[in-house]
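Have a look at the structure below, then the notes.
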Amino acid sequence: MQPAAPVAFDAFDATPDVSGEVRDLRFRPADPHAATVLSPEQVAQFNDRGFVAPLPAFDPAEADRIRAYFDGLLADALAAGKDSYSLSTAHLAHGGVYDLLTHPTLVAYAADLLGENVVGWGSHFFCKMPGDGTAVGWHQDASFWPLSPSHAVTIWLAIDDADEGNGCMRFLAGSHHSGHLTYRESTPEDHSALNQVVPNAEQYGEEVLDELKAGTCSVHSDLLLHGSEANPGPRRRCGLTLRYCSADVRAGQGWNAKGVLVRGEDPGGHWANPPRPAGPAW
């Protein structure tokens, strides 16, 4: 039997239409007493507020190496006529991104919130260049993903320091308890990098800034409302979003081809578990 042909990293729409799909979009709390690296209090915060931050991941020297690695990827993308948001599903094309998706520290955070069988399926650099007028409207990740049930998290790894001055991410704490919310299509007036925005989102929770130093990270539920403002200042703001779900989640639109088994087992054999692509480590 011949191995399956590799899937191109750009074969997947980062914002697919899932409006016709019936999915189970209910928040599934984590067990505070089963955690191994997060404290019971941190898991309880995730259950209550929908996120945990900041979390240590890489020391300053490692953060510098990761930033230099991303700088090279970005330079190649820009030289090819792409923009600073175009590096999506990058773990299927770049060995160093695959290494970050499968890094034991990050996988351990995901496993404490999802259970022992964990798949890493997404990797997208959100890079706001200096003076970038693009915002990200209030949204729920689950609205974009053809996954069911809703049992997924995003780890947002800071490549650069991220703060209010350069457009850091913002959470609406507790909004994940409101279920799947109605959204509208973004308009040019929204100046949004995504094509969805939840109107009047502030009613669903307290706004919290996700300010992170390079090499640290946050983790949030796929149902948590979040977004970010534009970056009007002189400093770049790049973060790598790494997406994980429980292995019992099922993916539509062929997205199971993206999924790497990073912890435990995939009893149903649903996820393709592609190998590490060629390329240097970070």
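Ligands are numbered from 1 in the order shown, residues from 1 within each chain, and chains are lettered A, B, ... in the order they appear in the structure tokens.
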Taking the DSSP secondary structure from the backbone, can you list the residues of segment 37-149 of chain A that are strand (DSSP E or B), as a PyMOL selection string? chain A and resi 51-56+88+118-128+135-139+147-148
What does the file look like for those residues with C-alpha atoms, as an mmCIF file, in the first residue's frame?
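Output saved as again18.cif:
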```
data_model
loop_
_atom_site.group_PDB
_atom_site.id
_atom_site.type_symbol
_atom_site.label_atom_id
_atom_site.label_comp_id
_atom_site.auth_asym_id
_atom_site.auth_seq_id
_atom_site.Cartn_x
_atom_site.Cartn_y
_atom_site.Cartn_z
ATOM 1 C CA PHE A 51 -8.369 31.270 29.268
ATOM 2 C CA VAL A 52 -5.110 30.968 31.211
ATOM 3 C CA ALA A 53 -2.324 33.554 30.845
ATOM 4 C CA PRO A 54 0.526 34.196 30.945
ATOM 5 C CA LEU A 55 2.250 30.817 30.855
ATOM 6 C CA PRO A 56 6.002 30.190 30.508
ATOM 7 C CA SER A 88 -1.301 29.324 7.863
ATOM 8 C CA VAL A 118 -4.491 15.197 21.887
ATOM 9 C CA VAL A 119 -4.193 16.217 18.246
ATOM 10 C CA GLY A 120 -2.389 19.351 17.051
ATOM 11 C CA TRP A 121 -4.013 20.424 13.814
ATOM 12 C CA GLY A 122 -3.441 24.150 13.265
ATOM 13 C CA SER A 123 -0.609 26.671 13.093
ATOM 14 C CA HIS A 124 -1.056 30.233 11.884
ATOM 15 C CA PHE A 125 1.204 33.252 12.340
ATOM 16 C CA PHE A 126 -0.779 36.427 13.032
ATOM 17 C CA CYS A 127 1.788 39.128 12.347
ATOM 18 C CA LYS A 128 0.835 42.798 12.603
ATOM 19 C CA ALA A 135 -7.821 44.674 13.542
ATOM 20 C CA VAL A 136 -9.377 41.326 14.440
ATOM 21 C CA GLY A 137 -13.047 41.671 15.336
ATOM 22 C CA TRP A 138 -14.643 39.892 18.296
ATOM 23 C CA HIS A 139 -15.106 36.264 17.280
ATOM 24 C CA LEU A 147 -14.936 20.419 14.135
ATOM 25 C CA SER A 148 -17.408 18.599 16.383
#
```
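Between atom CA of Leu157 of chain A and atom CA of Leu240 of chain A there is a distance of 5.1 Å.
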So which one's closest to His180 of chain A, A:Gln42, A:Thr241, A:Thr134, A:Ser143? Using only C-alpha atoms, please. A:Ser143
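For the choices A:Ala214, A:Ala75, A:Ala281, A:Val260, the atom-to-atom distance to Ala61 of chain A is smallest for A:Ala214 when using only C-alpha atoms.
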Measure the distance from atom CA of Thr89 of chain A to atom CA of Arg28 of chain A in Å and round it to one decimal. 25.2 Å
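Of the residues listed (A:Gln253, A:Thr36, A:Thr105, A:Asn166), A:Asn166 shows the shortest atom-to-atom separation from Arg235 of chain A; distances use only C-alpha atoms.
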Could you pull the residues within 10 Å of Ser221 of chain A, counting only C-alpha atoms, minus those fewer than 6 positions along the same chain, as JSON, numbers by chain? {"A": [27, 28, 29, 46, 47, 49, 50, 51, 52, 113, 140, 141, 142, 150, 151, 152, 153, 154, 155, 175, 176]}
Please write the residues from the selection above to a file, keeping N, CA and C atoms, as an mmCIF file, in the first residue's frame.
```cif
data_model
loop_
_atom_site.group_PDB
_atom_site.id
_atom_site.type_symbol
_atom_site.label_atom_id
_atom_site.label_comp_id
_atom_site.auth_asym_id
_atom_site.auth_seq_id
_atom_site.Cartn_x
_atom_site.Cartn_y
_atom_site.Cartn_z
ATOM 1 N N PHE A 27 -19.393 24.000 25.646
ATOM 2 C CA PHE A 27 -18.116 24.025 26.352
ATOM 3 C C PHE A 27 -17.970 22.782 27.221
ATOM 4 N N ARG A 28 -16.786 22.181 27.176
ATOM 5 C CA ARG A 28 -16.478 21.012 27.988
ATOM 6 C C ARG A 28 -15.389 21.378 28.988
ATOM 7 N N PRO A 29 -15.743 21.508 30.268
ATOM 8 C CA PRO A 29 -14.742 21.908 31.264
ATOM 9 C C PRO A 29 -13.687 20.831 31.479
ATOM 10 N N PHE A 46 -9.482 28.494 33.746
ATOM 11 C CA PHE A 46 -9.852 28.194 32.363
ATOM 12 C C PHE A 46 -11.336 27.856 32.279
ATOM 13 N N ASN A 47 -11.800 27.024 33.200
ATOM 14 C CA ASN A 47 -13.215 26.641 33.175
ATOM 15 C C ASN A 47 -14.126 27.844 33.385
ATOM 16 N N ARG A 49 -13.224 31.374 33.271
ATOM 17 C CA ARG A 49 -13.001 32.573 32.467
ATOM 18 C C ARG A 49 -12.670 32.276 31.013
ATOM 19 N N GLY A 50 -12.332 31.035 30.699
ATOM 20 C CA GLY A 50 -12.116 30.643 29.315
ATOM 21 C C GLY A 50 -10.693 30.739 28.820
ATOM 22 N N PHE A 51 -9.763 31.126 29.688
ATOM 23 C CA PHE A 51 -8.369 31.270 29.268
ATOM 24 C C PHE A 51 -7.457 31.145 30.478
ATOM 25 N N VAL A 52 -6.169 30.911 30.208
ATOM 26 C CA VAL A 52 -5.110 30.968 31.211
ATOM 27 C C VAL A 52 -3.957 31.746 30.604
ATOM 28 N N LEU A 113 -5.967 20.412 29.587
ATOM 29 C CA LEU A 113 -7.292 20.979 29.339
ATOM 30 C C LEU A 113 -8.160 20.109 28.435
ATOM 31 N N GLN A 140 -15.458 33.945 17.838
ATOM 32 C CA GLN A 140 -15.194 32.661 18.468
ATOM 33 C C GLN A 140 -14.516 31.765 17.438
ATOM 34 N N ASP A 141 -13.422 31.138 17.822
ATOM 35 C CA ASP A 141 -12.724 30.260 16.883
ATOM 36 C C ASP A 141 -13.630 29.153 16.364
ATOM 37 N N ALA A 142 -14.505 28.639 17.220
ATOM 38 C CA ALA A 142 -15.366 27.523 16.820
ATOM 39 C C ALA A 142 -16.247 27.867 15.631
ATOM 40 N N SER A 150 -17.226 20.540 20.251
ATOM 41 C CA SER A 150 -16.367 21.659 20.611
ATOM 42 C C SER A 150 -15.493 21.255 21.794
ATOM 43 N N HIS A 151 -14.280 20.830 21.483
ATOM 44 C CA HIS A 151 -13.334 20.445 22.541
ATOM 45 C C HIS A 151 -11.933 20.744 22.037
ATOM 46 N N ALA A 152 -11.671 22.052 21.873
ATOM 47 C CA ALA A 152 -10.429 22.506 21.264
ATOM 48 C C ALA A 152 -9.943 23.771 21.960
ATOM 49 N N VAL A 153 -8.631 23.982 21.900
ATOM 50 C CA VAL A 153 -8.029 25.184 22.485
ATOM 51 C C VAL A 153 -7.004 25.747 21.509
ATOM 52 N N THR A 154 -6.722 27.031 21.686
ATOM 53 C CA THR A 154 -5.633 27.704 20.986
ATOM 54 C C THR A 154 -4.566 28.104 21.984
ATOM 55 N N ILE A 155 -3.341 27.747 21.697
ATOM 56 C CA ILE A 155 -2.188 28.298 22.417
ATOM 57 C C ILE A 155 -1.611 29.404 21.548
ATOM 58 N N SER A 175 -17.079 34.587 28.371
ATOM 59 C CA SER A 175 -18.011 34.575 27.239
ATOM 60 C C SER A 175 -18.210 33.186 26.650
ATOM 61 N N HIS A 176 -17.307 32.253 26.955
ATOM 62 C CA HIS A 176 -17.437 30.893 26.428
ATOM 63 C C HIS A 176 -18.647 30.164 27.008
#
```
Which polymer residues have any atom within 10 Å of an atom of Pro40 of chain A, counting only C-alpha atoms, with same-chain residues fewer than 6 positions away left out, as number ranges by chain? A: 30-34, 46, 112
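Compared by their closest atoms to Ala57 of chain A, and using only C-alpha atoms, the residues A:Gly165, A:Gly215, A:Pro199, A:Pro234 rank with A:Gly215 nearest.
Within segment 97-248 of chain A, the backbone-based DSSP assignment of alpha helix (DSSP H) covers Val97, Tyr98, Asp99, Leu100, Leu101, Pro104, Thr105, Leu106, Val107, Ala108, Tyr109, Ala110, Ala111, Asp112, Leu113 and Leu114 of chain A.
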So that I have them on file, write out the residues from the current selection with N, CA and C atoms, as a PDB file, in the first residue's frame.
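So selection-v7.pdb came out as:
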```pdb
ATOM      1  N   VAL A  97       8.067  24.730  12.489  1.00  0.00           N
ATOM      2  CA  VAL A  97       6.725  24.975  13.023  1.00  0.00           C
ATOM      3  C   VAL A  97       6.132  23.667  13.541  1.00  0.00           C
ATOM      4  N   TYR A  98       6.353  22.578  12.825  1.00  0.00           N
ATOM      5  CA  TYR A  98       5.940  21.253  13.311  1.00  0.00           C
ATOM      6  C   TYR A  98       6.560  20.988  14.688  1.00  0.00           C
ATOM      7  N   ASP A  99       7.832  21.362  14.845  1.00  0.00           N
ATOM      8  CA  ASP A  99       8.513  21.161  16.127  1.00  0.00           C
ATOM      9  C   ASP A  99       7.860  21.968  17.247  1.00  0.00           C
ATOM     10  N   LEU A 100       7.379  23.156  16.931  1.00  0.00           N
ATOM     11  CA  LEU A 100       6.691  23.959  17.941  1.00  0.00           C
ATOM     12  C   LEU A 100       5.322  23.352  18.267  1.00  0.00           C
ATOM     13  N   LEU A 101       4.597  22.901  17.266  1.00  0.00           N
ATOM     14  CA  LEU A 101       3.290  22.284  17.495  1.00  0.00           C
ATOM     15  C   LEU A 101       3.406  21.063  18.390  1.00  0.00           C
ATOM     16  N   PRO A 104       6.953  19.509  23.843  1.00  0.00           N
ATOM     17  CA  PRO A 104       6.378  18.911  25.052  1.00  0.00           C
ATOM     18  C   PRO A 104       5.744  19.913  26.010  1.00  0.00           C
ATOM     19  N   THR A 105       6.325  21.092  26.160  1.00  0.00           N
ATOM     20  CA  THR A 105       5.757  22.080  27.079  1.00  0.00           C
ATOM     21  C   THR A 105       4.372  22.511  26.625  1.00  0.00           C
ATOM     22  N   LEU A 106       4.230  22.814  25.353  1.00  0.00           N
ATOM     23  CA  LEU A 106       2.950  23.285  24.833  1.00  0.00           C
ATOM     24  C   LEU A 106       1.926  22.155  24.797  1.00  0.00           C
ATOM     25  N   VAL A 107       2.364  20.970  24.422  1.00  0.00           N
ATOM     26  CA  VAL A 107       1.453  19.823  24.399  1.00  0.00           C
ATOM     27  C   VAL A 107       0.940  19.516  25.805  1.00  0.00           C
ATOM     28  N   ALA A 108       1.790  19.661  26.809  1.00  0.00           N
ATOM     29  CA  ALA A 108       1.363  19.391  28.182  1.00  0.00           C
ATOM     30  C   ALA A 108       0.275  20.358  28.629  1.00  0.00           C
ATOM     31  N   TYR A 109       0.384  21.625  28.250  1.00  0.00           N
ATOM     32  CA  TYR A 109      -0.685  22.578  28.578  1.00  0.00           C
ATOM     33  C   TYR A 109      -2.001  22.147  27.923  1.00  0.00           C
ATOM     34  N   ALA A 110      -1.922  21.777  26.648  1.00  0.00           N
ATOM     35  CA  ALA A 110      -3.135  21.371  25.945  1.00  0.00           C
ATOM     36  C   ALA A 110      -3.742  20.118  26.572  1.00  0.00           C
ATOM     37  N   ALA A 111      -2.896  19.158  26.944  1.00  0.00           N
ATOM     38  CA  ALA A 111      -3.394  17.905  27.505  1.00  0.00           C
ATOM     39  C   ALA A 111      -4.078  18.116  28.846  1.00  0.00           C
ATOM     40  N   ASP A 112      -3.600  19.063  29.644  1.00  0.00           N
ATOM     41  CA  ASP A 112      -4.248  19.338  30.930  1.00  0.00           C
ATOM     42  C   ASP A 112      -5.663  19.858  30.751  1.00  0.00           C
ATOM     43  N   LEU A 113      -5.967  20.412  29.587  1.00  0.00           N
ATOM     44  CA  LEU A 113      -7.292  20.979  29.339  1.00  0.00           C
ATOM     45  C   LEU A 113      -8.160  20.109  28.435  1.00  0.00           C
ATOM     46  N   LEU A 114      -7.540  19.186  27.704  1.00  0.00           N
ATOM     47  CA  LEU A 114      -8.275  18.379  26.724  1.00  0.00           C
ATOM     48  C   LEU A 114      -8.290  16.894  27.048  1.00  0.00           C
TER      49      LEU A 114
END
```
Taking only C-alpha atoms into account, name the residue in A:Phe58, A:Tyr204, A:Tyr85, A:Trp145 that is nearest to Phe171 of chain A. A:Tyr204
